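J.: Before I ask anything, let me first share the structure, which is written out below as structure tokens.
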Amino acid sequence: MSRTMAVARMQLINRWTFIGWPLVILASSFLMSLAIFALIPVDEAKYGGGSQAPLWYFMVLGIQSMTLVFPFSQGLSISRKAFYAGSLGLFAVIALGMSVLYLLGGAIEKATNGWGVSGYFFNIPWITDGPWYSTAAFFFVVMMLMFIVGFWFATIFKRWGTAGVLISTLGTAMVLVGFVALATVQQWWGSVGAWFAQQSPLSISGWTALLCVVLAACSYSTLRRATP
């Protein structure tokens with residue numbers, strides 16, 4: 001546990017990477033969205049997709065937490081297990097904190113009728129229509145998914161280099177294209193659409209959490225043989 005906490009503190013040496021930049025991206029996206037909402041001369045509810053901006057940074061954060069800190073941790077004889085647990089645990093805390101910010105922003109947004117301009121940045125249709133815990137779970141697991149994906153690709157780079165990243169990226173793309181082709185040939189799109197229509201934000205969060213567990217296990221398996 002002490003080694004795991006040491007990894008978390010090691011990651012936080014540059015607090016801007018883990019805390020500063022996500023908040024800056026969120027605040028910048030919010031202010032720009034609010035300015036756009038104010039310029040639209042209609043009284044109806046206005047929605048924007050700016051709230052997803054920090055989510056994409058979390059993939060970059062996963063890459064940086066692996067490539068920048070992993071070699072240093074190995075120089076200090078920290079086990080790969082402790083490094084992985086510390087990095088993943090730290091980001092889980094950050095994702096939880098960001099989820100709380102989204103919930104608070106959504107509550108203020110509703111209380112002020114969209115910040116006084118009928119603009120909704122945090123309250124996204126369908127995602128925030130359910131109870132608060134459903135919204136929190138959705139944002140939390142999506143943030144975790146983005147981090148784990150970025151961390152895994154960085155781990156692949158450390159294990160197999162650029163060729164490994166290229167092959168894994170092309171392989172993932174081919175699997176997705178193959179599924180699309182198979183679904184088209186077998187005429188599955190009606191069933192796929194019906195399945196998604198039956199899902200709620202909470203159920204999607206559950207499926208995404210399961211995917212996170214699978215990807216996390218694959219990432220750790222790759223990390224065990226990665227070299228600094």
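In the structure tokens, the first chain shown is A, the next is B, and so on; residue numbers restart at 1 for each chain, and ligands run from 1 in the order shown.
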Using only C-alpha atoms, I'd like a table of the residues in segment 192-218 of chain A that come within 12 Å of segment 121-138 of chain A; for each, show the closest atom pair and its distance in Å rounded to one decimal, ordered by chain and ascending number, as JSON lines.

T.:
```
{"residue": "A:Ala197", "atom": "CA", "partner": "A:Trp126", "partner_atom": "CA", "distance": 11.0}
{"residue": "A:Gln199", "atom": "CA", "partner": "A:Trp126", "partner_atom": "CA", "distance": 10.4}
{"residue": "A:Ser200", "atom": "CA", "partner": "A:Trp126", "partner_atom": "CA", "distance": 8.1}
{"residue": "A:Pro201", "atom": "CA", "partner": "A:Ile127", "partner_atom": "CA", "distance": 5.7}
{"residue": "A:Leu202", "atom": "CA", "partner": "A:Ser134", "partner_atom": "CA", "distance": 5.0}
{"residue": "A:Ser203", "atom": "CA", "partner": "A:Ser134", "partner_atom": "CA", "distance": 8.8}
{"residue": "A:Ile204", "atom": "CA", "partner": "A:Phe138", "partner_atom": "CA", "distance": 7.5}
{"residue": "A:Ser205", "atom": "CA", "partner": "A:Phe138", "partner_atom": "CA", "distance": 5.0}
{"residue": "A:Gly206", "atom": "CA", "partner": "A:Ala137", "partner_atom": "CA", "distance": 8.5}
{"residue": "A:Trp207", "atom": "CA", "partner": "A:Phe138", "partner_atom": "CA", "distance": 10.3}
{"residue": "A:Thr208", "atom": "CA", "partner": "A:Phe138", "partner_atom": "CA", "distance": 8.5}
{"residue": "A:Ala209", "atom": "CA", "partner": "A:Ala137", "partner_atom": "CA", "distance": 9.2}
```

J.: Using only C-alpha atoms, which residues sit within 6 Å of Met59 of chain A once same-chain residues fewer than 6 positions away are excluded, as a VMD selection string?

T.: chain A and resid 146 to 147 150

J.: Can you spit out the residues from that selection as a CSV table (one decimal), in the first residue's frame, using N, CA, C and O atoms?

T.:
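again.csv written:
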```
chain,number,residue,atom,x,y,z
A,146,MET,N,-11.6,6.3,-21.0
A,146,MET,CA,-10.7,7.0,-21.8
A,146,MET,C,-9.3,6.9,-21.2
A,146,MET,O,-8.3,6.8,-21.9
A,147,PHE,N,-9.2,7.0,-19.9
A,147,PHE,CA,-7.8,6.9,-19.3
A,147,PHE,C,-7.2,5.5,-19.5
A,147,PHE,O,-6.1,5.4,-19.9
A,150,GLY,N,-6.0,5.1,-23.1
A,150,GLY,CA,-4.8,5.8,-23.4
A,150,GLY,C,-3.6,5.1,-22.7
A,150,GLY,O,-2.5,5.0,-23.2
```

J.: For the structure I just gave you, how does DSSP split segment 38-222 of chain A - specifically, which residues are strand (DSSP E or B)? Reply as number ranges by chain.

T.: A: 46-47, 119-120

J.: If you count only C-alpha atoms, which residues fall within 12 Å of Gln52 of chain A, apart from same-chain ones fewer than 5 positions away, as a list of chain:residue names?

T.: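 Here the answer would be A:Pro22, A:Ile25, A:Leu26, A:Ala27, A:Ser29, A:Phe30, A:Ser33, A:Tyr57, A:Phe58, A:Met98, A:Tyr102, A:Phe121, A:Phe122, A:Asn123, A:Ile124, A:Phe139, A:Val142, A:Met143, A:Met146.
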
J.: Now that the selection is made, can you save its residues with C-alpha atoms as a PDB file, in the first residue's frame?

T.:
```pdb
ATOM      1  CA  PRO A  22      -8.500  19.096 -16.841  1.00  0.00           C
ATOM      2  CA  ILE A  25     -10.024  22.608 -20.354  1.00  0.00           C
ATOM      3  CA  LEU A  26     -13.370  22.318 -18.578  1.00  0.00           C
ATOM      4  CA  ALA A  27     -13.481  26.019 -17.656  1.00  0.00           C
ATOM      5  CA  SER A  29     -14.944  24.956 -22.862  1.00  0.00           C
ATOM      6  CA  PHE A  30     -17.662  26.127 -20.474  1.00  0.00           C
ATOM      7  CA  SER A  33     -20.063  27.506 -24.775  1.00  0.00           C
ATOM      8  CA  TYR A  57      -7.822  14.837 -22.503  1.00  0.00           C
ATOM      9  CA  PHE A  58      -8.111  11.892 -20.134  1.00  0.00           C
ATOM     10  CA  MET A  98     -14.697  15.572 -11.943  1.00  0.00           C
ATOM     11  CA  TYR A 102     -20.370  17.861 -13.396  1.00  0.00           C
ATOM     12  CA  PHE A 121     -23.554  22.672 -20.782  1.00  0.00           C
ATOM     13  CA  PHE A 122     -23.624  20.046 -18.026  1.00  0.00           C
ATOM     14  CA  ASN A 123     -27.202  18.830 -18.490  1.00  0.00           C
ATOM     15  CA  ILE A 124     -27.101  16.631 -21.555  1.00  0.00           C
ATOM     16  CA  PHE A 139     -19.454  10.331 -16.361  1.00  0.00           C
ATOM     17  CA  VAL A 142     -16.527   7.159 -19.387  1.00  0.00           C
ATOM     18  CA  MET A 143     -13.594   9.032 -17.841  1.00  0.00           C
ATOM     19  CA  MET A 146     -10.700   7.038 -21.762  1.00  0.00           C
TER      20      MET A 146
END
```

J.: Give me, as a tab-separated table, the closest atom pair and its distance (Å, one decimal) for every residue of segment 106-165 of chain A within a cut-off of 12 Å of segment 80-85 of chain A, counting only C-alpha atoms, rows sorted by chain and rising number.

T.:
```
residue	atom	partner	partner_atom	distance
A:Ile148	CA	A:Tyr84	CA	10.6
A:Phe151	CA	A:Tyr84	CA	9.7
A:Trp152	CA	A:Tyr84	CA	10.9
A:Thr155	CA	A:Tyr84	CA	10.7
```

J.: Just the selected residues (N, CA and C atoms), exported as a PDB file, in the first residue's frame, please.

T.:
```
ATOM      1  N   ILE A 148      -8.002   4.440 -19.326  1.00  0.00           N
ATOM      2  CA  ILE A 148      -7.482   3.085 -19.492  1.00  0.00           C
ATOM      3  C   ILE A 148      -7.076   2.833 -20.938  1.00  0.00           C
ATOM      4  N   PHE A 151      -3.812   4.626 -21.451  1.00  0.00           N
ATOM      5  CA  PHE A 151      -2.756   3.923 -20.711  1.00  0.00           C
ATOM      6  C   PHE A 151      -2.354   2.644 -21.420  1.00  0.00           C
ATOM      7  N   TRP A 152      -3.331   1.907 -21.944  1.00  0.00           N
ATOM      8  CA  TRP A 152      -3.026   0.648 -22.606  1.00  0.00           C
ATOM      9  C   TRP A 152      -2.229   0.862 -23.889  1.00  0.00           C
ATOM     10  N   THR A 155       1.177   1.534 -22.970  1.00  0.00           N
ATOM     11  CA  THR A 155       1.818   0.298 -22.522  1.00  0.00           C
ATOM     12  C   THR A 155       2.238  -0.556 -23.713  1.00  0.00           C
TER      13      THR A 155
END
```

J.: Would you mind telling me which residue in A:Ala92, A:Leu101, A:Met66, A:Met5 lies nearest to Ser219 of chain A when using only C-alpha atoms?

T.: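 Of A:Ala92, A:Leu101, A:Met66, A:Met5, the one nearest Ser219 of chain A, counting only C-alpha atoms, is A:Met66.
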
J.: Within 10 Å of Leu12 of chain A, counting only C-alpha atoms, which residues show up once you throw out same-chain ones fewer than 5 positions away? Write them as a list of chain:residue names, please.

T.: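 Once the adjacent positions are removed, what remains is A:Ala6, A:Val7, A:Thr17, A:Phe18, A:Ile19, A:Ser65, A:Ser87, A:Leu90.
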
J.: What is the atom CA of Pro41 of chain A-atom CA of Ile108 of chain A distance in Å, reported with one decimal?

T.: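 The value is 22.1 Å.
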
J.: In segment 19-227 of chain A, what's helix (DSSP H, G or I) per DSSP? Answer as an MDAnalysis selection string?

T.: chainID A and resid 19:39 50:67 70:75 80:111 114:118 132:185 189:198 201:223

J.: Rank A:Gly171, A:Pro71, A:Gly178, A:Gly119 by their smallest atom-to-atom distance to Asp43 of chain A, using only C-alpha atoms, and report the top residue only.

T.: A:Gly119
